[in-house]
Structure formats: structure tokens, C-alpha cells
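**Student:** Structure incoming, see below.
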Amino acid sequence: MTARTLFDKVWDAHVVHQFPEGPALLYVDLHLVHEVTSPQAFEGLRQAGRRVRRPALTVATVDHNVPTGDRAAPIADPIAARQLEALAVNAREFGLELFDLRSPQQGIVHVIGPELGLTQPGMVIVCGDSHTATHGAFGALALGIGTSEVEHVLATQSLVWSKPGTMEARVTGALAPGVTAKDVILALIGRIGTAGATGHVIEYTGEAIRALSMEERMTVCNMSIEAGARAGMIAPDETTVAYLAGRPRAPSGAAWERAVGKWRELRTDPGATYDKHIELDASEVAPQVTWGTSPGMVTPVTGRVPSPADFTTDAERRAVTRALEYMGLAPGTPLEGLPIDRVFLGSCTNARIEDLRAAARTVRGRHVATGVRAMVVPGSQQVKAQAEREGLDRVFSDAGFEWRNAGCSMCLGMNPDVLQSGERCASTSNRNFEGRQGRGGRTHLMSPPMAAAAAVAGRIVDVRRWEKEPAAP
Amino acid sequence: MMEPFVRHTGRLAALARTNVDTDQIIPKQFLKRVERTGFGPALFYDWRFRPDGTANPDFELNHPAARDSSILLVGENFGCGSSREHAVWALREYGFRAILAPSFADIFFANCCQNGLVPVRLLPQEIAELFRRHQAAGGEYQLTVDLEEQRVDDGLGFRTTFSMEPYRREMLLHGLDEIGRTLRFEDRIGAYEKSREPGNGRREGR
């Protein structure tokens, strides 16, 4: 038998039919659904008189447009309320499980899948959301799809996909103190660009990846799409098994033993080859900060805003000129010391319990700078409850952060949490696109400890030095 | 039902920008609709309109020559970022039938093929040549995109071919319903489901 990659193994196990004209029909093990990209899909089913083929493999939640303030208050935005109601109606009509605003398990779809144990190694997982790549941290083949494909999966429990190429991103060495998984993925994107992995599935390998916790692996896989890859994967190991043990939707008893046995086979065979390859030395990665309007416009915090003249092509120079104008930055400006107005700790990239712990360690005993508005939006109500059990909500509240309910929130600003024009934000989210967090808003992506330190300092700081500074009395 | 695309001749609009993300194509505040329609007026909203709601005369699609354009010429990695199919619905509803680029983001490309918006990949130097010709003509520039022949032709000497996976090409040519197409293989889906051993860790019949 020829040596196969992790991706090949999961792909091969899910091919229902190979079309002679190119793509394959792949079976889908888990379909996650949210309110924004699903209403048109359900309407399509209704118009065609079709049903959901496997309701038990389909799970819905609300996250994108939900308010993160008081859950008892009615939703102020009637259009958002209509979209949430549409999902409730669709879930009822088609027999799907829904974690709604009243559910203690509600949260960002890519946070609740793993924490419930729905996400498992070797699965094909889809969702009408590009950050579905997150679930690849478990050795699943997980990808974002459009609404027409959502309808297709609902009706057929399968997806038509042309086999992509494979790319190995090998991360060697060990991370320095103050440097996180977020910095690794931002550095990788900075290296290969936002289209560097287009048409490919990334497998992250190397000792630096093996050393990461599941939360950190999810942060890495989550931003695969920002490198152009529809999916990113990490082979399951003891860390994966330990994370899943005892989760409510993970198998139990004899089924658990069988499942773990299968998961252990999910790794790239010696001698298997990838179509593309990149290597990064983790020990050389510094905390990263984006300076522009694309995640690839990133530099170590010790760096400076580049000049359009530093770039080789006309297209790049035009893009950088536009980005600097939008961001209100002059070439040569050091990132460190840049004053900020807002801080957002949240999103499917960085709103899991470990992210909140790391941010809380940075702010404990300190206070948000005068004039800065900072908010913490846990990734799920379960993350929120866990943080409250650990007293992290007090740490944040005492430091002057707003402590909110779970949702996507200001990562994409579909709910009332948005930046005002010209406001500069230190954000743990995944996209610094123009207007992403609010029209005219200026987003700097960074890790949770970096964003927390920025909140306290009122400017971008290097958290590696920060951790040596004593807390304010 | 998707509108079939065999060949189309139309006016070209040029957007000389790279890495145009779907947040720009359709900003988030317009994603709350539960219909597939109504997105055209919101296309490129933050670029097309100034904060006071008036048209931004500097934006490429607002140039008089770009009026009634139905083919869009763009830079590399068009449609990156969010998976929102609303971006494709907005482009279609605005009037675009084809997009020419050196490269597209994967999810956006797939979404185009589901909606009769033909994503045409050309070589970077061909895209650069089209930008030159469009500019030289003062924006008054027409093209024919022929999906059947897989050819782009301006009738003035620019002529090239492009590739399209046969499966996608057939869907676009005939406006096929992909779900209907897949359901022809329903017995195979059923057989696959049966072949999976029970209790193998997958969540079944909760």
C-alpha cells in the first residue's frame, strides 16, 4: 500500500462516488449550522419538497448576530431577530437539534463543536462558515462551504469537492515565553501570504505543533483560511484523546476504546509526500501584530509599518498604500507604542478558556487605561461559566473590562458590538479587513496576552517585556 | 434554478485591486436577510457609497463607462475571506455574469459555480493585458466569454482560452441543479451509510 498523508486517509474513507469529470462525492459526518448562512438553504429544501437526509448528524446554534449583552432583554434589531427566529422555525420543521440563546451550551459554532465532543478525529465536518477549519485541530477534515452547498449537504449528507493539494507546514523548535499559537499562525500567513495555500489542505506538523494544547491547535487551524486553505489538519495524539475523554457527545465505553484505536491510525505514513512544504522555526517567532487590512500584512511587534516602496510589484504597492491610508499609519511607524481605543478579546480564534486564562494572567491586578473600552466575549456560555468558576470574570471586571455573553460579536460586527470610524482596536480575532469590525474601524490582530496588555497600557506593547513589569499597586 | 451560461458578450468593468475579500463585496450589515435576493444594491457598499450614502465618484464601478457592465476584471485572490455566498448573489444581482482574475479564493470559486457566475482564471500577463486594453479604450471595452469553447475574445485581437473542470462546466452550461444531480447517486449514499460499522465513534441516531 502506498504511503498516505493524514488528509488522504480521511478523504479516502469518505468517498461515496468519484465523478469521472473531476470531483468526488464526499460523505459528511457532522454538519454544523448557524443563523446567517442557512435560511436560504432551508427555503430551497422547502421549495423543492426535500427533507434533511440525516437530522441526527446536523447541529445548529446561533452565534453571528446575537447580542452579547443582557440575554433577558429583547433583541433590538428586528432583522437580526427575524433571522434567529427563522433558524428556530427551520430546526423545528426539519427536526434538528438547536442550541439557542436560552441554552447553556450556546456559543460560537467552532467553540461548541469541540467542547461538546461532537468534533472527532477522522470526521468530515462542514459548516457554512470559513472558520470551520478550526475542527481540523482534531485530525478531522473540516471546511467552510457556501449556502448552496449547505443546502446540498442537508439534502444529501454529502459534498461535491475536487480533491485539493496537500501542504505541510512544519513548525520546529519551541515557542519562547510570551509567544502563542496565534503568533505562529500569523507568522506563517505573513510568510506565505493570504493565497499561499489556496487549493490546498494544510497539515501542521513538527514538535512545536505537537507541544500545543487542543485550544492552541484550534487557533492555528482556525486561521488556515487566512492562508487560503479551506482546511487545516493536525494528526490526533494523546493530547487529542485526553481532551475528548468524557465529553458529552464523545463515544463512551467499548465504543470509546474502538474509536481511540482508529484515531491512533490517523497520521501521515512515513514516506508520504505533500504537494507543497513550508517550515518555520518556532523559537524565532516573536509576538505578531498586523499593520494593514489583510492578515498577511503582519510584522513582529518590534517591527515598523513598512513603506509601499519596500514591495516589488505595482499591485502590492497599491495595496499597501491603500491599507496605510485606511489604517491611518505612516511608513516607518513602530508598532510598539501605537495608541489604541478599543480591545476585543473574543472570536472563534481566541475565546476559549485557555485564551481567557492567558489574558487574565496579563491583566490581574492592573486596570484598563483611561479612554480605552475593552470587552471580553467568551466563545461559548460553557467557557463563560468555566471562567466564572475560576474567578476570571472578577479579574476582568475589576480591571475595567466588559464581561459579556457568548457570540461572534465584534469579530465581524453583525451585532451591536462595532467599532466607530477611526477607532483603533487591538483584537484577538482573525480578520483585519476594511470595515470588518465596523466601517472605518482599524483592526490590529494579535494574541490574547498581547491584546490584554494593550488594554492596560493603552497602546501596543511587547508582552515579553510586559511580563517582567510589576503590576500596578 | 440556475441560469445557464453558454457564452456572453458584455461590457468590462475593471477593479485593479488584489485580495478583495467578501467583506468588501458585501459588508456584514447586509447579511441578515433570509432571502437570496435584495443584495445587489449593497454590492461593494462601503466602496461604492460615502458614509453619507451618496455615490462615491472615485469608485471604479461608479465611473460612467462602467455602467451596465456585466464582466468584472479583478486582481489575484478575489473573493478571499468569509464563505458568505451573499457576495455572489450581490454580484449576480448587480448584473455580473463572469469574473476574470488570475486567481480566486476556493470557497468563492465554488459559490460562483453554484449561481451561474462564471469565474474565469487567466494567466497574470493576460489579466494585465486586459487591464491595459480596458484603460486604453477609456473604459469602453467589450469582451465575449465563451464557456462552451472555453475562450475569451475581445474581437480586437485579444483571444485566449481558459480551463474549467468538466463537472463545473457542464453544471454552468446547462444550469444544472447540483442536488438533483447528486440524488441520482442516492443508492450509493445509502450503501455507504450501511457499510459503516456501527459504534465506530460516529454519532448515530442520538
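Chain lettering (A, B, ...) mirrors the order of the C-alpha cells, residue numbering begins at 1 for each chain separately, and ligand numbering begins at 1 in order of display.
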Which residues are close to A:Thr362, i.e. within 12 Å by only C-alpha atoms, leaving aside same-chain residues fewer than 5 positions away? Reply as a PyMOL selection string.
**Tutor:** chain A and resi 178+355-357+367-368+392+395-396+399+447-457+461-472
**Student:** Just list the residues in stretch 42-202 of chain B DSSP gives alpha helix (DSSP H) on the backbone, as a VMD selection string.
**Tutor:** chain B and resid 45 to 48 86 to 94 106 to 113 124 to 136 166 to 174 178 to 183 186 to 195
**Student:** For the residues selected in the previous step, produce a file with C-alpha atoms as a PDB file, in the first residue's frame.
**Tutor:**
```pdb
ATOM      1  CA  TYR B  45     -21.298  49.119  -0.306  1.00  0.00           C
ATOM      2  CA  ASP B  46     -18.511  50.778   1.673  1.00  0.00           C
ATOM      3  CA  TRP B  47     -16.545  51.451  -1.518  1.00  0.00           C
ATOM      4  CA  ARG B  48     -19.497  52.441  -3.696  1.00  0.00           C
ATOM      5  CA  HIS B  86     -24.275  36.600  -0.332  1.00  0.00           C
ATOM      6  CA  ALA B  87     -21.199  38.038  -2.112  1.00  0.00           C
ATOM      7  CA  VAL B  88     -22.001  36.022  -5.229  1.00  0.00           C
ATOM      8  CA  TRP B  89     -25.724  36.794  -5.001  1.00  0.00           C
ATOM      9  CA  ALA B  90     -24.840  40.500  -4.839  1.00  0.00           C
ATOM     10  CA  LEU B  91     -22.545  40.324  -7.879  1.00  0.00           C
ATOM     11  CA  ARG B  92     -25.164  38.405  -9.881  1.00  0.00           C
ATOM     12  CA  GLU B  93     -27.995  40.696  -8.908  1.00  0.00           C
ATOM     13  CA  TYR B  94     -25.914  43.758  -9.795  1.00  0.00           C
ATOM     14  CA  ASP B 106     -11.534  28.431  -3.103  1.00  0.00           C
ATOM     15  CA  ILE B 107     -14.909  28.880  -1.381  1.00  0.00           C
ATOM     16  CA  PHE B 108     -15.799  31.901  -3.517  1.00  0.00           C
ATOM     17  CA  PHE B 109     -14.978  29.953  -6.680  1.00  0.00           C
ATOM     18  CA  ALA B 110     -17.302  27.138  -5.619  1.00  0.00           C
ATOM     19  CA  ASN B 111     -20.055  29.616  -4.731  1.00  0.00           C
ATOM     20  CA  CYS B 112     -19.797  31.257  -8.166  1.00  0.00           C
ATOM     21  CA  CYS B 113     -20.312  27.900  -9.868  1.00  0.00           C
ATOM     22  CA  PRO B 124      -1.412  37.063 -14.799  1.00  0.00           C
ATOM     23  CA  GLN B 125       0.021  38.543 -18.004  1.00  0.00           C
ATOM     24  CA  GLU B 126      -3.319  38.075 -19.769  1.00  0.00           C
ATOM     25  CA  ILE B 127      -5.132  39.846 -16.940  1.00  0.00           C
ATOM     26  CA  ALA B 128      -2.545  42.640 -17.101  1.00  0.00           C
ATOM     27  CA  GLU B 129      -3.122  42.922 -20.864  1.00  0.00           C
ATOM     28  CA  LEU B 130      -6.879  43.198 -20.339  1.00  0.00           C
ATOM     29  CA  PHE B 131      -6.357  45.970 -17.777  1.00  0.00           C
ATOM     30  CA  ARG B 132      -4.192  47.769 -20.388  1.00  0.00           C
ATOM     31  CA  ARG B 133      -6.769  47.374 -23.136  1.00  0.00           C
ATOM     32  CA  HIS B 134      -9.594  48.482 -20.853  1.00  0.00           C
ATOM     33  CA  GLN B 135      -7.673  51.610 -19.879  1.00  0.00           C
ATOM     34  CA  ALA B 136      -6.579  52.371 -23.456  1.00  0.00           C
ATOM     35  CA  PRO B 166     -15.678  19.412 -16.858  1.00  0.00           C
ATOM     36  CA  TYR B 167     -18.057  18.770 -13.946  1.00  0.00           C
ATOM     37  CA  ARG B 168     -18.398  22.503 -13.152  1.00  0.00           C
ATOM     38  CA  ARG B 169     -18.503  23.454 -16.812  1.00  0.00           C
ATOM     39  CA  GLU B 170     -21.405  21.118 -17.503  1.00  0.00           C
ATOM     40  CA  MET B 171     -23.299  22.447 -14.486  1.00  0.00           C
ATOM     41  CA  LEU B 172     -22.823  26.029 -15.640  1.00  0.00           C
ATOM     42  CA  LEU B 173     -23.582  25.330 -19.307  1.00  0.00           C
ATOM     43  CA  HIS B 174     -26.885  23.665 -18.516  1.00  0.00           C
ATOM     44  CA  GLU B 178     -26.451  20.005  -8.165  1.00  0.00           C
ATOM     45  CA  ILE B 179     -28.678  18.426  -5.538  1.00  0.00           C
ATOM     46  CA  GLY B 180     -30.772  16.760  -8.224  1.00  0.00           C
ATOM     47  CA  ARG B 181     -27.573  15.579  -9.849  1.00  0.00           C
ATOM     48  CA  THR B 182     -26.277  14.077  -6.608  1.00  0.00           C
ATOM     49  CA  LEU B 183     -29.594  12.436  -5.782  1.00  0.00           C
ATOM     50  CA  GLU B 186     -28.707   8.269  -3.646  1.00  0.00           C
ATOM     51  CA  ASP B 187     -28.361   4.482  -3.609  1.00  0.00           C
ATOM     52  CA  ARG B 188     -24.589   4.876  -3.269  1.00  0.00           C
ATOM     53  CA  ILE B 189     -25.022   7.269  -0.359  1.00  0.00           C
ATOM     54  CA  GLY B 190     -27.292   4.713   1.272  1.00  0.00           C
ATOM     55  CA  ALA B 191     -24.830   1.903   0.615  1.00  0.00           C
ATOM     56  CA  TYR B 192     -22.023   3.982   2.092  1.00  0.00           C
ATOM     57  CA  GLU B 193     -24.066   4.614   5.216  1.00  0.00           C
ATOM     58  CA  LYS B 194     -24.769   0.877   5.567  1.00  0.00           C
ATOM     59  CA  SER B 195     -21.120  -0.007   5.081  1.00  0.00           C
TER      60      SER B 195
END
```
**Student:** Can you list, as number ranges by chain, every protein, DNA or RNA residue that comes within 9 Å of A:Arg4 when you count only C-alpha atoms, leaving out same-chain residues fewer than 5 positions away?
**Tutor:** A: 9, 267-273
**Student:** Set out as a Markdown table a contact list for chain A and chain B with a cut-off of 6 Å, giving each residue of chain A that qualifies its closest atom pair and distance in Å to one decimal, counting only C-alpha atoms, ordered by chain and rising residue number.
**Tutor:**
```
| residue | atom | partner | partner_atom | distance |
| --- | --- | --- | --- | --- |
| A:Glu21 | CA | B:Tyr167 | CA | 5.0 |
| A:Pro39 | CA | B:Val34 | CA | 5.2 |
| A:Gln40 | CA | B:Glu35 | CA | 5.7 |
| A:Ala56 | CA | B:Gly205 | CA | 5.8 |
| A:Ala80 | CA | B:Lys32 | CA | 5.9 |
| A:Asp129 | CA | B:Ser83 | CA | 5.5 |
| A:Ser130 | CA | B:Ser83 | CA | 5.0 |
| A:Gly146 | CA | B:Glu85 | CA | 5.3 |
| A:Thr147 | CA | B:Glu85 | CA | 6.0 |
| A:His152 | CA | B:Ile179 | CA | 5.5 |
| A:Pro251 | CA | B:Gly201 | CA | 5.4 |
| A:Ala255 | CA | B:Gly199 | CA | 5.5 |
| A:Ala259 | CA | B:Gly201 | CA | 4.9 |
| A:Met414 | CA | B:Lys28 | CA | 5.8 |
```
**Student:** Suppose we keep N, CA and C atoms; can you now write the selection as a PDB file, in the first residue's frame?
**Tutor:**
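Here's the written file again-v4.pdb:
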```pdb
ATOM      1  N   GLU A  21     -15.733  13.233 -14.201  1.00  0.00           N
ATOM      2  CA  GLU A  21     -15.422  14.592 -14.668  1.00  0.00           C
ATOM      3  C   GLU A  21     -14.630  15.391 -13.648  1.00  0.00           C
ATOM      4  N   PRO A  39     -30.622  30.244   6.242  1.00  0.00           N
ATOM      5  CA  PRO A  39     -32.055  30.401   5.934  1.00  0.00           C
ATOM      6  C   PRO A  39     -32.392  30.112   4.474  1.00  0.00           C
ATOM      7  N   GLN A  40     -31.539  30.565   3.546  1.00  0.00           N
ATOM      8  CA  GLN A  40     -31.819  30.354   2.121  1.00  0.00           C
ATOM      9  C   GLN A  40     -31.714  28.875   1.765  1.00  0.00           C
ATOM     10  N   ALA A  56     -29.859  13.771  12.560  1.00  0.00           N
ATOM     11  CA  ALA A  56     -29.041  13.469  13.741  1.00  0.00           C
ATOM     12  C   ALA A  56     -27.574  13.838  13.542  1.00  0.00           C
ATOM     13  N   ALA A  80     -32.255  41.080  12.689  1.00  0.00           N
ATOM     14  CA  ALA A  80     -31.482  40.010  13.330  1.00  0.00           C
ATOM     15  C   ALA A  80     -32.421  39.040  14.037  1.00  0.00           C
ATOM     16  N   ASP A 129     -19.399  28.402   7.067  1.00  0.00           N
ATOM     17  CA  ASP A 129     -18.553  29.391   7.722  1.00  0.00           C
ATOM     18  C   ASP A 129     -17.105  29.035   7.450  1.00  0.00           C
ATOM     19  N   SER A 130     -16.328  30.009   7.015  1.00  0.00           N
ATOM     20  CA  SER A 130     -14.964  29.716   6.564  1.00  0.00           C
ATOM     21  C   SER A 130     -14.046  29.261   7.700  1.00  0.00           C
ATOM     22  N   GLY A 146     -20.385  27.263   1.098  1.00  0.00           N
ATOM     23  CA  GLY A 146     -21.386  28.289   0.829  1.00  0.00           C
ATOM     24  C   GLY A 146     -22.789  27.771   1.113  1.00  0.00           C
ATOM     25  N   THR A 147     -23.749  28.676   0.996  1.00  0.00           N
ATOM     26  CA  THR A 147     -25.124  28.318   1.347  1.00  0.00           C
ATOM     27  C   THR A 147     -25.721  27.271   0.398  1.00  0.00           C
ATOM     28  N   HIS A 152     -27.111  21.478  -0.170  1.00  0.00           N
ATOM     29  CA  HIS A 152     -26.726  20.186  -0.742  1.00  0.00           C
ATOM     30  C   HIS A 152     -26.433  19.166   0.359  1.00  0.00           C
ATOM     31  N   PRO A 251     -17.827   9.295  22.081  1.00  0.00           N
ATOM     32  CA  PRO A 251     -18.259   7.929  22.385  1.00  0.00           C
ATOM     33  C   PRO A 251     -17.817   7.521  23.790  1.00  0.00           C
ATOM     34  N   ALA A 255     -17.311   1.616  22.759  1.00  0.00           N
ATOM     35  CA  ALA A 255     -17.245   2.444  21.544  1.00  0.00           C
ATOM     36  C   ALA A 255     -16.076   3.421  21.626  1.00  0.00           C
ATOM     37  N   ALA A 259     -13.027   3.657  19.067  1.00  0.00           N
ATOM     38  CA  ALA A 259     -12.775   4.937  18.392  1.00  0.00           C
ATOM     39  C   ALA A 259     -11.319   5.360  18.579  1.00  0.00           C
ATOM     40  N   MET A 414     -21.628  41.983  13.343  1.00  0.00           N
ATOM     41  CA  MET A 414     -23.009  41.843  12.852  1.00  0.00           C
ATOM     42  C   MET A 414     -24.008  42.187  13.932  1.00  0.00           C
TER      43      MET A 414
END
```
**Student:** Quick one: pull the distance between atom CA of A:Gly440 and atom CA of A:Gly296, Å, one decimal.
**Tutor:**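 The value is 19.6 Å.
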**Student:** Quote the spacing between atom CA of B:Ala42 and atom CA of A:Ala406 in Å to one decimal place.
**Tutor:**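 Atom CA of A:Ala406 lies at a distance of 28.4 Å from atom CA of B:Ala42.
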**Student:** One decimal, in Å: what's the spacing between atom CA of A:Leu96 and atom CA of A:Leu30?
**Tutor:** 12.3 Å
